[in-house]
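> Below is one structure. I have some questions about it.
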Amino acid sequence: MIAGIDVASILLGGIAAGTVLFIVSVGLSVTMGLMGFINLAHGAFAMFGGYIIVLAMNRAHFGFTVALALGFAATAALSVVLEQFLYRRLYRAGELDQVLLTIGLIFIFMAALTIVVGPQSQPLQLPPELGGQINLGFTQYRTYSVFLIVVGFFVVAGIWLAFERTRIGAQIRATVDNRRMAESLGINVDRLFTITFAFGSGMAGLGGGLGAEFLGLDPQYALKYLVYFLIAVSVGGLGSVVGVYYASLLLGALDFVLKLYLPKGGTIFIYVLTILLLLWRPQGLFGRKAT
Amino acid sequence: MSKRLIAAVAALSISGSAALAQEIKVGVVLPYTGIGAEFARQMDRGMELYLKLNADQVKPYTITLIKRDSKAPSGAEAKVAVQELLTQDKVDALAGWVYSPDAIASAPLITAGKKLAVIMNAGTAFITNLAPDFVRTSFSMWHAGYALGVASAKTLHAKTAVVAYSDFPPGKDSLDAFKAGFEANGGKVIDAIPAGGPGAVPDFTPFFQRAKDEKPDVLFVFVPAGDHAVAVAKTYGALGMRAAGIKLIGPGDITQDIKLQAMGDAAIGLITMHHYNADLDNPQNKRFVAAWRKDYGADSTPDFTAVGAYDGMAAIVHAVQATKGKMDGDAAVKSLLGWKFDSPQGPITIDPETRDIVMNEYLAEVVKGPDGKLHQKVIGQIDRVKDECKAQAIGPCAPKK
Amino acid sequence: MSTEAVPLPPVAATPGLDQPAARVLMWRHHLRWWEALPWLAAVAFYFIFPDYLGFATALLVTILFALSLDLALGYAGIITLGHAAFFGAGAYTVGLLAFHGIWTEPITSLALAALAAAVIGFASGVVLLRTQGLTLLMLTLCTMALLQEAANMAHDYTGGFDGLPSLDIAPLFGFFEFNPLYADTQYLYTLAILLVCFIFIRTLVYSPFGQSLTGIRENPLRMHAVGAPVRRRLIICYTISGAIAGVAGGLWAQTNAYVNLSALDLDRAATVLIILILGGYGRLYGAFVGAAAYLALEHFLARIYPTAWQLGLGLLLVIVALYARNGLLGLGEVLWQRYFVRRAAT
């Protein structure tokens, strides 16, 4: 044990690590968790959005906030096109066909970015007010981490409210529970899926940009972090965005503390934790029981 | 960029077939896709630029590059590429190898193929022992690691160090090398922290927070060049470690020239030991960097991977001239033993004993220049550094049991 | 997943076989003439393209690996993204034995590789096969990742990322050397092992055991209801599948004379899954078609355009996902039905 590590820093570090995991996975928990589409191309959308955000800042000199909005919008728009022409045709197909489609998309995105932008990674230059450290009163901490924690909280709260308290949220819930019944009640399921998919993909793009400070951004992004996205969603439970939030925080914090005290354990902790949690709760922490 | 690449390849092959001069075919094995793709592009440019800047050295021969993607670092794909280059394309020499596993797996083929094989990047120390036709113009992790260990104790006057390294062989090699150099000169490594793997960029916060709490004089970090290095500089800055009196040091991989500007002001004050940076002040380098900026854009810069390829191409051209274009493996390798070259990184030679490079190592500090950009300022220099792993026959570098 | 569409053979004049179902069951395990084609093609390849045997050996190893996955995924419906765990177990068994000079005879080494992989398959199967779907997918993936990390931590023995260099494999039957430059021996040896494994798998899937696996895949509840020991059958299947993947891994190590952590990589597990879906799962020959299509396209595209060959591969996957149900073989079957069977009918 090391003396003198202050608890606040550990707690903040763990929550910050978990929040990064959540921010980059939340889009997947919408497209895969809610819609039930095995969307392995989530990372490709995140990568695309991240590129838009970083390039908008570095080349077109937009502000951080404007670039983020642009990244969300561009990714959502792209995803609507792909949804109309590709995804829609496979909603009822087997999950393995969905795997084939989305892996194919990853390859196309990777190659396209390499051709258009180049193989080099894209650095995110944060606005100066988000760099460096911030004094929180009880401790000093990395400003950007604190910023992300706040953003993550608002994202999960916003999605929860939209899901539980709005008409469209109620329609999504109804459709997820029983698609046929929802259709016979006059819900336009096709349109609903398009909107949901666009929103989830937009969130993926946003996550790609917000997480780039920690995860970097290059044409390999879509494959490199796929496992982490899948872990967050499966441990959180399919169909539960809030579950993914808690799962990310739990995994991130435990992983952080274990790495701090037992660095020799390397990268095994995240896998051990996932195995144990999934054996304990096969449906995920907040998943529904299988029907 | 891709258009230019195709054009260059086309131009090379056209000139190869049209000219009467004897064509020398060089098989290039690099990861053109995957996490190494950016290195592959730097190295491609390094080779092309050598051929362009030194056209009169090449005459009367023409060099044709046959490029193959070595893909993921599994060894197997590189091996198929090498085998086909040798048996189908009948190349006169081989070059490339970003990842050590690819070079290691190719070794039996190199031995059987009897053609000169120039390693232009892969850094595991013992690779050159595996095949008699391997010659290395890049580095081993021991070159910079050991030298920095010595310099940390003598020049930076550090007493204690914490080492954080990516948990794969170059990381462990760096740790061993630094420790050997540092502790032989009175320093003490108080903790060695494996900090994630080489694939995905980990969150360095827990590792650096641990290091910060241990209060060493220096934090020695080895991570693969690229996004890892950017994350290291950013995390170091964000955790306020400089204010806590901990110097961040490492081999030049953590200040790779192509990544330096992305690190931002957090990198200022970072101290590295390496054989090359684009700011080196010598005529060869000035010419090299100016030509690079002219051809590949004012914002682009060469880096150590490009120089490894540049020097490697120089070695191949030397062997071509020395063997009068025959490029018989034994003769080509022999012509390079003790070969001296005035490289952009300074004078280099090939050690006749080990076929590995001997070169100067520069201790450099990251500073902000008057142009508002980050630069590397040389604050110390060690001449003619050998790979100490083989020189001292440590661990796997010892001749095979 | 749908049941395999078996083209109906002509009605035999045997009494009692007028039931279509009975006909299908009677005929499905019979050898058909075209089943000799892949093997004839493989032998022809040896004589026609002697320069490509290194690549072709890697292709044969991948076919065997995909076949092993087909047994678990296509026949028993076990969705796994961790099959490289067994491939790696086999590869490291061969690699460690050879590198440390303990055992280098190739065929017995493969048997040991199969054994090691089977042990891991059995142990993980007992724990993991109570789950399904995404959970099972993630558990198999994490198990494989753990094995990879374990191999990395034991780098003093395994060489970690740098691997075990220049493995010394004894000549086959004490006579045929593995020449790194010209892969004749490797190719024929791999082909022979593939044939043996294929015959075993083919016999297995058409046996009552194999039929019960298909039953479990289609409707586990009903299989429970008819009294079949569902979990035990799944575990046995998973173990056998693991053992065959171990043989593939062992072959990979022997023919490359090299093993590193990539044997246990997610990349490898995902690629073999894609290959199997691309070719068509649950139909044995899907592994052949998928591996040949994927690897050949990758190999030759990468030679033409080393920096962005993934574009072509991605397009192929998207097109097959959109227009073919159950892979290239499924696509071929549809086309066959549409153009030949219909024409014959008119």
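Ordering of the structure tokens sets the chain letters (A, B, ...); residue numbers start at 1 within each chain; ligands are numbered from 1 in the order shown.
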Can you tell me, as a ChimeraX atom specification, what residues are no more than 9 Å from segment 189-202 of chain A when counting only C-alpha atoms, ignoring any on the same chain fewer than 2 positions away?
/A:26-32,34-35,42,45-46,49,71-80,83-84,88,168,171-172,175,179,182-183,186-187,204-207
> Would you mind listing, as a PyMOL selection string, all residues of chain A that have at least one atom within 6 Å of chain B, where only C-alpha atoms are what counts?
chain A and resi 119-120+123+132-133+142+215-216+224+256+260+263+266-267
> Specify as a count of residues only all residues of chain A found within 6 Å of chain C, counting only C-alpha atoms.
9
> Output as a list in words all residues of segment 66-264 of chain A that backbone DSSP marks as strand (DSSP E or B).
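Residues of segment 66-264 of chain A classed as strand (DSSP E or B): Gln133, Ile134, Asn135, Gln140, Tyr141 and Arg142 of chain A.
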> Write out as a compact mmCIF listing (two decimals) with C-alpha atoms, in the first residue's frame each polymer residue whose atoms come within 12 Å of Met359 of chain B, counting only C-alpha atoms; drop sequence neighbours fewer than 2 positions from it.

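Written out: part02.txt:
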```txt
# COMPACT_ATOMS: atom_id res chain seq x y z
CA ARG B 136 19.61 -2.99 -38.60
CA THR B 137 19.65 0.74 -39.33
CA SER B 138 17.05 1.75 -36.74
CA PHE B 139 17.73 1.13 -33.05
CA SER B 140 17.18 -1.30 -30.24
CA HIS B 143 20.35 2.35 -27.30
CA ALA B 144 18.23 5.08 -25.78
CA ALA B 147 22.06 5.92 -22.35
CA HIS B 274 17.15 9.50 -28.66
CA HIS B 275 19.20 9.19 -31.80
CA TYR B 276 17.10 11.57 -33.85
CA GLY B 308 15.59 4.59 -39.99
CA ASP B 311 19.48 5.19 -43.57
CA LYS B 340 29.99 4.45 -42.26
CA PHE B 341 27.35 6.92 -43.29
CA ASP B 342 26.69 10.58 -42.71
CA SER B 343 23.01 10.40 -41.81
CA PRO B 344 20.58 13.18 -40.88
CA GLN B 345 20.95 11.85 -37.35
CA GLY B 346 24.75 12.31 -37.45
CA PRO B 347 27.47 9.77 -38.20
CA ILE B 348 26.40 6.12 -38.01
CA THR B 349 28.21 2.83 -38.52
CA ILE B 350 27.18 -0.80 -38.65
CA ASP B 351 28.85 -2.83 -35.94
CA ASP B 356 23.44 -3.55 -35.51
CA ILE B 357 23.69 0.22 -35.72
CA GLU B 361 22.35 9.55 -28.67
CA TYR B 362 21.10 13.04 -27.93
CA GLN B 381 25.21 13.99 -26.35
CA ILE B 382 26.75 10.52 -26.05
CA ASP B 383 28.78 9.41 -29.06
CA ARG B 384 28.91 6.01 -30.73
CA VAL B 385 26.35 4.19 -28.61
CA LYS B 386 26.13 0.43 -29.16
CA ASP B 387 23.28 -1.87 -28.30
```
